[in-house]
Amino acid sequence: MGNALRKLDLIDVAPFSPADAAAMEARFDGVDTRDMLGELLTGELKGRVAAVSSFGAESAVLLHLISQVDKDIPVIFLNTQKIFGATLAYRDELSETLGFTDLRVFRPDPRLLAAKDATGLRWNYDPDGCCDLRKVEPLRRALAPFDAWISGRKGFQAGTRQAMPRFEEDEGRLKLNPLAAWDKAKLDAYFEEHKLPRHPLEAEGYPSIGCAPCTSKVLPGEDPRSGRWRGWEKVECGIHVPEKPGEEPVF
C-alpha cells in the first residue's frame, strides 16, 4: 500500500468571471436602473451582495435607490481614520434617514498601521501606499463574505471613468456600477425629486469628497475629481484600478 496521495484536481471557484459580467451587461442593456436593482437584489444576488459607499457628495442617490428595494442589504463604509468629521455625521444621518439596518464600518488593520504608517503621514509622500493600507486592504476583508458588490461610480466623474460598464468582474466578484451612465443633471434632479440631504461639504466647493488630507476644493470649470490628490499623478484610490506590474503601492 503506497503512501502517495492522489493529486487533487483544482477548479476555479470564483463566483463570477469577466464573461459573466459581459453577459450581465448585455442582459440589462437599456433596462432602467431601478428595475435592474429590483430584479437582482430580490433575485439571484439576494444575500450575496453588499453596497460599498463613501457617503460622499452624490452617494445619497444610489443609497436611496437601494433602500427602495432592500433596507437590509449590508452597506459597507471604510473609515480610513482620515475622513472628514462632516462625512461621518452625514453617514449616520443618511443611513438612518434611509432606514438601512446593516451598516458595516471597516477600519485599517492597526497592526499594519503601526508597521507601515506609524506617523500617520504616509499620505504626504506615498498616497498610493496610504490608500492601499487604509482602503484596499480593509475592503478586501469587508467583501470576503460576498460574491458581488455595488459601487457608486459614474462615468462623468473623470476621464478615466468614461465608457464605464454597469457590470465588471473584480477579483472573482461581480461589481455593479448602477449609475455608470448617469450625468450630473440626472443626479441633481433625483436629489430634488426625493428631497435627499446633501453632503455639507458640497456647498463649500467639494464635489468629490475623500480623505481630508487628500481632498481640496474644486474651481469652476475643473474636473469634479480634480480636488482629489491634487498635485499627484493619481486619480483613483486603488479600489477600482487593478494593480499593474511595476505600479503596485510601495511599502
# chains A, B, ... in the order shown; residues from 1 in each chain; ligands from 1
$ residues_around --residues "Phe100 of chain A" --least-positions-apart "6" --cutoff "8 Å" --atoms "only C-alpha atoms" --output "list in words"
Ser67, Lys71, Asp72, Ile73 and Val75 of chain A
$ write_last_selection --atoms "N, CA, C and O atoms" --output "compact mmCIF listing (two decimals), in the first residue's frame"
# COMPACT_ATOMS: atom_id res chain seq x y z
N SER A 67 -32.26 51.41 -1.08
CA SER A 67 -33.17 51.33 0.08
C SER A 67 -34.61 51.08 -0.34
O SER A 67 -35.39 50.52 0.44
N LYS A 71 -33.81 47.37 2.45
CA LYS A 71 -33.14 48.14 3.50
C LYS A 71 -32.20 47.28 4.35
O LYS A 71 -31.44 47.80 5.17
N ASP A 72 -32.26 45.97 4.15
CA ASP A 72 -31.42 45.06 4.94
C ASP A 72 -30.12 44.70 4.23
O ASP A 72 -29.32 43.93 4.79
N ILE A 73 -29.91 45.20 3.04
CA ILE A 73 -28.66 44.90 2.36
C ILE A 73 -27.50 45.49 3.15
O ILE A 73 -27.58 46.61 3.67
N VAL A 75 -24.42 47.59 4.04
CA VAL A 75 -23.79 48.78 3.47
C VAL A 75 -22.42 48.93 4.14
O VAL A 75 -22.32 49.08 5.37
$ residues_around --residues "Leu187 of chain A" --least-positions-apart "5" --cutoff "8 Å" --atoms "only C-alpha atoms" --output "number ranges by chain"
A: 58, 61, 182
$ closest_residue --among "A:Gly205, A:Leu63, A:Arg140, A:Arg166" --to "Arg27 of chain A" --atoms "only C-alpha atoms"
A:Arg166
$ select_by_dssp --residues "segment 133-185 of chain A" --states "alpha helix (DSSP H)" --output "PDB file with N, CA, C and O atoms, in the first residue's frame"
ATOM      1  N   GLU A 137      -7.020  47.237   1.452  1.00  0.00           N
ATOM      2  CA  GLU A 137      -6.945  46.071   2.345  1.00  0.00           C
ATOM      3  C   GLU A 137      -8.207  45.919   3.198  1.00  0.00           C
ATOM      4  O   GLU A 137      -8.759  44.814   3.301  1.00  0.00           O
ATOM      5  N   PRO A 138      -8.717  47.000   3.810  1.00  0.00           N
ATOM      6  CA  PRO A 138      -9.967  46.852   4.579  1.00  0.00           C
ATOM      7  C   PRO A 138     -11.143  46.413   3.700  1.00  0.00           C
ATOM      8  O   PRO A 138     -12.007  45.646   4.159  1.00  0.00           O
ATOM      9  N   LEU A 139     -11.198  46.880   2.443  1.00  0.00           N
ATOM     10  CA  LEU A 139     -12.304  46.485   1.579  1.00  0.00           C
ATOM     11  C   LEU A 139     -12.245  44.995   1.264  1.00  0.00           C
ATOM     12  O   LEU A 139     -13.286  44.326   1.205  1.00  0.00           O
ATOM     13  N   ARG A 140     -11.039  44.464   1.075  1.00  0.00           N
ATOM     14  CA  ARG A 140     -10.937  43.016   0.827  1.00  0.00           C
ATOM     15  C   ARG A 140     -11.511  42.231   2.000  1.00  0.00           C
ATOM     16  O   ARG A 140     -12.212  41.241   1.811  1.00  0.00           O
ATOM     17  N   ARG A 141     -11.227  42.669   3.198  1.00  0.00           N
ATOM     18  CA  ARG A 141     -11.799  41.994   4.379  1.00  0.00           C
ATOM     19  C   ARG A 141     -13.310  42.146   4.406  1.00  0.00           C
ATOM     20  O   ARG A 141     -14.048  41.209   4.707  1.00  0.00           O
ATOM     21  N   ALA A 142     -13.769  43.352   4.097  1.00  0.00           N
ATOM     22  CA  ALA A 142     -15.202  43.628   4.164  1.00  0.00           C
ATOM     23  C   ALA A 142     -15.988  42.805   3.151  1.00  0.00           C
ATOM     24  O   ALA A 142     -17.124  42.369   3.431  1.00  0.00           O
ATOM     25  N   LEU A 143     -15.401  42.568   1.977  1.00  0.00           N
ATOM     26  CA  LEU A 143     -16.107  41.864   0.906  1.00  0.00           C
ATOM     27  C   LEU A 143     -15.958  40.351   0.968  1.00  0.00           C
ATOM     28  O   LEU A 143     -16.587  39.643   0.165  1.00  0.00           O
ATOM     29  N   LYS A 184     -24.563  64.576 -14.198  1.00  0.00           N
ATOM     30  CA  LYS A 184     -24.780  65.446 -13.039  1.00  0.00           C
ATOM     31  C   LYS A 184     -26.217  65.969 -12.994  1.00  0.00           C
ATOM     32  O   LYS A 184     -26.823  66.044 -11.916  1.00  0.00           O
ATOM     33  N   ALA A 185     -26.759  66.308 -14.152  1.00  0.00           N
ATOM     34  CA  ALA A 185     -28.128  66.836 -14.179  1.00  0.00           C
ATOM     35  C   ALA A 185     -29.134  65.805 -13.689  1.00  0.00           C
ATOM     36  O   ALA A 185     -30.068  66.135 -12.944  1.00  0.00           O
TER      37      ALA A 185
END
$ select_by_dssp --residues "segment 29-200 of chain A" --states "strand (DSSP E)" --output "number ranges by chain"
A: 49-52, 75-78, 103-106, 148-150, 167-170, 173-176
$ residues_around --residues "segment 168-172 of chain A" --least-positions-apart "3" --cutoff "7 Å" --atoms "only C-alpha atoms" --output "compact mmCIF listing (two decimals) with all heavy atoms, in the first residue's frame"
# COMPACT_ATOMS: atom_id res chain seq x y z
N ALA A 14 -14.11 30.96 -8.24
CA ALA A 14 -14.59 32.34 -8.26
C ALA A 14 -16.02 32.37 -8.77
O ALA A 14 -16.35 31.75 -9.78
CB ALA A 14 -13.69 33.20 -9.15
N PRO A 15 -16.92 33.07 -8.05
CA PRO A 15 -18.33 33.03 -8.43
C PRO A 15 -18.65 33.71 -9.75
O PRO A 15 -19.62 33.35 -10.41
CB PRO A 15 -19.02 33.75 -7.27
CG PRO A 15 -17.96 34.58 -6.62
CD PRO A 15 -16.69 33.82 -6.81
N PHE A 16 -17.85 34.71 -10.16
CA PHE A 16 -18.14 35.44 -11.39
C PHE A 16 -16.87 35.63 -12.22
O PHE A 16 -15.80 35.91 -11.68
CB PHE A 16 -18.76 36.80 -11.09
CG PHE A 16 -20.17 36.73 -10.59
CD1 PHE A 16 -20.44 36.77 -9.22
CD2 PHE A 16 -21.24 36.60 -11.47
CE1 PHE A 16 -21.74 36.69 -8.74
CE2 PHE A 16 -22.54 36.52 -11.00
CZ PHE A 16 -22.80 36.56 -9.64
N SER A 17 -17.03 35.51 -13.51
CA SER A 17 -15.92 35.68 -14.46
C SER A 17 -16.18 36.92 -15.31
O SER A 17 -17.29 37.46 -15.32
CB SER A 17 -15.82 34.46 -15.37
OG SER A 17 -16.97 34.42 -16.23
N PRO A 18 -15.17 37.40 -16.05
CA PRO A 18 -15.41 38.51 -16.98
C PRO A 18 -16.53 38.20 -17.98
O PRO A 18 -17.30 39.09 -18.35
CB PRO A 18 -14.06 38.67 -17.68
CG PRO A 18 -13.06 38.20 -16.67
CD PRO A 18 -13.73 37.05 -15.97
N ALA A 21 -19.81 38.89 -16.33
CA ALA A 21 -20.08 40.32 -16.27
C ALA A 21 -20.55 40.83 -17.63
O ALA A 21 -21.48 41.64 -17.71
CB ALA A 21 -18.82 41.07 -15.81
N PRO A 165 -18.73 50.33 -17.86
CA PRO A 165 -19.85 49.39 -17.94
C PRO A 165 -20.63 49.36 -16.63
O PRO A 165 -20.15 49.80 -15.59
CB PRO A 165 -19.15 48.05 -18.18
CG PRO A 165 -17.83 48.20 -17.51
CD PRO A 165 -17.44 49.65 -17.71
N LYS A 175 -19.02 43.22 -9.91
CA LYS A 175 -19.11 44.60 -9.41
C LYS A 175 -20.15 45.34 -10.24
O LYS A 175 -20.06 45.38 -11.47
CB LYS A 175 -17.76 45.31 -9.49
CG LYS A 175 -17.82 46.76 -9.00
CD LYS A 175 -16.45 47.33 -8.68
CE LYS A 175 -15.63 47.57 -9.92
NZ LYS A 175 -14.36 48.26 -9.61
N LEU A 176 -21.12 45.91 -9.56
CA LEU A 176 -22.19 46.65 -10.22
C LEU A 176 -21.91 48.14 -10.12
O LEU A 176 -21.59 48.65 -9.04
CB LEU A 176 -23.54 46.36 -9.56
CG LEU A 176 -24.21 45.00 -9.78
CD1 LEU A 176 -23.45 43.88 -9.07
CD2 LEU A 176 -25.64 45.03 -9.27
$ decode --residues "segment 83-208 of chain A" --atoms "C-alpha atoms" --output "PDB file, in the first residue's frame"
ATOM      1  CA  ILE A  83     -12.186  61.011   6.972  1.00  0.00           C
ATOM      2  CA  PHE A  84     -13.799  64.449   7.361  1.00  0.00           C
ATOM      3  CA  GLY A  85     -15.904  64.688  10.503  1.00  0.00           C
ATOM      4  CA  ALA A  86     -18.694  66.043   8.303  1.00  0.00           C
ATOM      5  CA  THR A  87     -18.677  62.785   6.328  1.00  0.00           C
ATOM      6  CA  LEU A  88     -19.068  60.689   9.470  1.00  0.00           C
ATOM      7  CA  ALA A  89     -22.024  62.815  10.579  1.00  0.00           C
ATOM      8  CA  TYR A  90     -23.557  62.638   7.092  1.00  0.00           C
ATOM      9  CA  ARG A  91     -23.105  58.847   7.044  1.00  0.00           C
ATOM     10  CA  ASP A  92     -25.105  58.499  10.244  1.00  0.00           C
ATOM     11  CA  GLU A  93     -27.799  60.933   9.129  1.00  0.00           C
ATOM     12  CA  LEU A  94     -28.260  59.401   5.696  1.00  0.00           C
ATOM     13  CA  SER A  95     -28.167  55.748   6.727  1.00  0.00           C
ATOM     14  CA  GLU A  96     -30.728  56.405   9.461  1.00  0.00           C
ATOM     15  CA  THR A  97     -32.936  58.518   7.191  1.00  0.00           C
ATOM     16  CA  LEU A  98     -32.998  55.776   4.552  1.00  0.00           C
ATOM     17  CA  GLY A  99     -33.586  53.069   7.153  1.00  0.00           C
ATOM     18  CA  PHE A 100     -30.623  50.781   6.492  1.00  0.00           C
ATOM     19  CA  THR A 101     -30.336  48.060   9.125  1.00  0.00           C
ATOM     20  CA  ASP A 102     -26.819  46.731   8.464  1.00  0.00           C
ATOM     21  CA  LEU A 103     -24.173  49.463   8.260  1.00  0.00           C
ATOM     22  CA  ARG A 104     -20.743  47.838   8.489  1.00  0.00           C
ATOM     23  CA  VAL A 105     -17.743  50.033   9.273  1.00  0.00           C
ATOM     24  CA  PHE A 106     -14.277  48.717   8.448  1.00  0.00           C
ATOM     25  CA  ARG A 107     -11.044  50.379   9.531  1.00  0.00           C
ATOM     26  CA  PRO A 108      -7.377  49.825   8.681  1.00  0.00           C
ATOM     27  CA  ASP A 109      -5.674  46.948  10.470  1.00  0.00           C
ATOM     28  CA  PRO A 110      -3.980  48.616  13.479  1.00  0.00           C
ATOM     29  CA  ARG A 111      -1.013  46.251  13.217  1.00  0.00           C
ATOM     30  CA  LEU A 112      -0.443  47.268   9.603  1.00  0.00           C
ATOM     31  CA  LEU A 113      -0.795  50.931  10.539  1.00  0.00           C
ATOM     32  CA  ALA A 114       1.800  50.534  13.286  1.00  0.00           C
ATOM     33  CA  ALA A 115       4.189  48.836  10.879  1.00  0.00           C
ATOM     34  CA  LYS A 116       3.653  50.950   7.770  1.00  0.00           C
ATOM     35  CA  ASP A 117       2.216  54.304   8.820  1.00  0.00           C
ATOM     36  CA  ALA A 118       3.120  54.860  12.454  1.00  0.00           C
ATOM     37  CA  THR A 119       3.315  58.637  11.966  1.00  0.00           C
ATOM     38  CA  GLY A 120       0.012  58.825  10.077  1.00  0.00           C
ATOM     39  CA  LEU A 121       1.760  60.837   7.350  1.00  0.00           C
ATOM     40  CA  ARG A 122       2.121  58.243   4.596  1.00  0.00           C
ATOM     41  CA  TRP A 123      -0.442  60.152   2.511  1.00  0.00           C
ATOM     42  CA  ASN A 124       2.080  63.008   2.255  1.00  0.00           C
ATOM     43  CA  TYR A 125       4.801  61.029   0.473  1.00  0.00           C
ATOM     44  CA  ASP A 126       3.131  57.828  -0.785  1.00  0.00           C
ATOM     45  CA  PRO A 127      -0.590  58.335  -1.412  1.00  0.00           C
ATOM     46  CA  ASP A 128      -0.884  55.018  -3.288  1.00  0.00           C
ATOM     47  CA  GLY A 129       0.538  53.124  -0.331  1.00  0.00           C
ATOM     48  CA  CYS A 130      -1.691  55.034   2.066  1.00  0.00           C
ATOM     49  CA  CYS A 131      -4.817  54.175   0.042  1.00  0.00           C
ATOM     50  CA  ASP A 132      -3.778  50.545  -0.174  1.00  0.00           C
ATOM     51  CA  LEU A 133      -3.331  50.404   3.580  1.00  0.00           C
ATOM     52  CA  ARG A 134      -6.438  52.348   4.543  1.00  0.00           C
ATOM     53  CA  LYS A 135      -8.898  51.448   1.746  1.00  0.00           C
ATOM     54  CA  VAL A 136      -7.925  48.495  -0.420  1.00  0.00           C
ATOM     55  CA  GLU A 137      -6.945  46.071   2.345  1.00  0.00           C
ATOM     56  CA  PRO A 138      -9.967  46.852   4.579  1.00  0.00           C
ATOM     57  CA  LEU A 139     -12.304  46.485   1.579  1.00  0.00           C
ATOM     58  CA  ARG A 140     -10.937  43.016   0.827  1.00  0.00           C
ATOM     59  CA  ARG A 141     -11.799  41.994   4.379  1.00  0.00           C
ATOM     60  CA  ALA A 142     -15.202  43.628   4.164  1.00  0.00           C
ATOM     61  CA  LEU A 143     -16.107  41.864   0.906  1.00  0.00           C
ATOM     62  CA  ALA A 144     -14.900  38.410   1.967  1.00  0.00           C
ATOM     63  CA  PRO A 145     -18.453  37.055   2.629  1.00  0.00           C
ATOM     64  CA  PHE A 146     -19.914  38.366  -0.642  1.00  0.00           C
ATOM     65  CA  ASP A 147     -19.992  37.301  -4.288  1.00  0.00           C
ATOM     66  CA  ALA A 148     -20.892  40.750  -5.608  1.00  0.00           C
ATOM     67  CA  TRP A 149     -20.763  44.396  -4.618  1.00  0.00           C
ATOM     68  CA  ILE A 150     -22.320  47.681  -5.666  1.00  0.00           C
ATOM     69  CA  SER A 151     -20.228  50.766  -6.424  1.00  0.00           C
ATOM     70  CA  GLY A 152     -21.403  54.345  -6.818  1.00  0.00           C
ATOM     71  CA  ARG A 153     -19.003  55.267  -9.627  1.00  0.00           C
ATOM     72  CA  LYS A 154     -20.265  57.379 -12.512  1.00  0.00           C
ATOM     73  CA  GLY A 155     -18.718  57.842 -15.926  1.00  0.00           C
ATOM     74  CA  PHE A 156     -18.818  61.647 -15.950  1.00  0.00           C
ATOM     75  CA  GLN A 157     -16.687  61.990 -12.809  1.00  0.00           C
ATOM     76  CA  ALA A 158     -13.330  61.707 -14.570  1.00  0.00           C
ATOM     77  CA  GLY A 159     -11.753  60.914 -17.909  1.00  0.00           C
ATOM     78  CA  THR A 160     -10.638  57.548 -16.534  1.00  0.00           C
ATOM     79  CA  ARG A 161     -14.272  56.590 -15.918  1.00  0.00           C
ATOM     80  CA  GLN A 162     -15.780  57.314 -19.320  1.00  0.00           C
ATOM     81  CA  ALA A 163     -17.493  54.408 -21.110  1.00  0.00           C
ATOM     82  CA  MET A 164     -17.769  52.604 -17.784  1.00  0.00           C
ATOM     83  CA  PRO A 165     -19.847  49.394 -17.940  1.00  0.00           C
ATOM     84  CA  ARG A 166     -22.614  48.691 -15.445  1.00  0.00           C
ATOM     85  CA  PHE A 167     -21.126  45.274 -14.713  1.00  0.00           C
ATOM     86  CA  GLU A 168     -17.498  44.288 -14.197  1.00  0.00           C
ATOM     87  CA  GLU A 169     -15.575  41.349 -12.788  1.00  0.00           C
ATOM     88  CA  ASP A 170     -13.374  42.306  -9.839  1.00  0.00           C
ATOM     89  CA  GLU A 171     -11.213  39.680  -8.117  1.00  0.00           C
ATOM     90  CA  GLY A 172     -13.774  36.985  -8.901  1.00  0.00           C
ATOM     91  CA  ARG A 173     -16.729  39.072  -7.786  1.00  0.00           C
ATOM     92  CA  LEU A 174     -19.380  40.826  -9.808  1.00  0.00           C
ATOM     93  CA  LYS A 175     -19.112  44.598  -9.414  1.00  0.00           C
ATOM     94  CA  LEU A 176     -22.186  46.646 -10.221  1.00  0.00           C
ATOM     95  CA  ASN A 177     -21.952  50.285 -11.294  1.00  0.00           C
ATOM     96  CA  PRO A 178     -25.689  51.126 -11.485  1.00  0.00           C
ATOM     97  CA  LEU A 179     -25.105  54.852 -12.030  1.00  0.00           C
ATOM     98  CA  ALA A 180     -22.399  54.474 -14.679  1.00  0.00           C
ATOM     99  CA  ALA A 181     -24.392  56.375 -17.312  1.00  0.00           C
ATOM    100  CA  TRP A 182     -25.982  58.982 -15.017  1.00  0.00           C
ATOM    101  CA  ASP A 183     -24.847  62.570 -15.522  1.00  0.00           C
ATOM    102  CA  LYS A 184     -24.780  65.446 -13.039  1.00  0.00           C
ATOM    103  CA  ALA A 185     -28.128  66.836 -14.179  1.00  0.00           C
ATOM    104  CA  LYS A 186     -29.863  63.498 -13.651  1.00  0.00           C
ATOM    105  CA  LEU A 187     -28.307  63.135 -10.203  1.00  0.00           C
ATOM    106  CA  ASP A 188     -29.343  66.650  -9.204  1.00  0.00           C
ATOM    107  CA  ALA A 189     -32.892  66.026 -10.424  1.00  0.00           C
ATOM    108  CA  TYR A 190     -33.058  62.853  -8.349  1.00  0.00           C
ATOM    109  CA  PHE A 191     -31.867  64.701  -5.235  1.00  0.00           C
ATOM    110  CA  GLU A 192     -34.598  67.287  -5.774  1.00  0.00           C
ATOM    111  CA  GLU A 193     -37.349  64.778  -6.573  1.00  0.00           C
ATOM    112  CA  HIS A 194     -36.724  62.747  -3.428  1.00  0.00           C
ATOM    113  CA  LYS A 195     -35.649  65.640  -1.153  1.00  0.00           C
ATOM    114  CA  LEU A 196     -32.399  63.907  -0.270  1.00  0.00           C
ATOM    115  CA  PRO A 197     -29.956  65.632   2.105  1.00  0.00           C
ATOM    116  CA  ARG A 198     -26.736  66.911   0.567  1.00  0.00           C
ATOM    117  CA  HIS A 199     -23.264  66.347   1.971  1.00  0.00           C
ATOM    118  CA  PRO A 200     -22.485  69.535   3.937  1.00  0.00           C
ATOM    119  CA  LEU A 201     -19.070  69.969   2.273  1.00  0.00           C
ATOM    120  CA  GLU A 202     -20.517  70.074  -1.247  1.00  0.00           C
ATOM    121  CA  ALA A 203     -21.732  73.649  -0.805  1.00  0.00           C
ATOM    122  CA  GLU A 204     -18.223  74.626   0.285  1.00  0.00           C
ATOM    123  CA  GLY A 205     -16.686  73.622  -3.056  1.00  0.00           C
ATOM    124  CA  TYR A 206     -16.053  69.898  -2.639  1.00  0.00           C
ATOM    125  CA  PRO A 207     -17.874  67.998  -5.431  1.00  0.00           C
ATOM    126  CA  SER A 208     -15.779  64.880  -4.753  1.00  0.00           C
TER     127      SER A 208
END
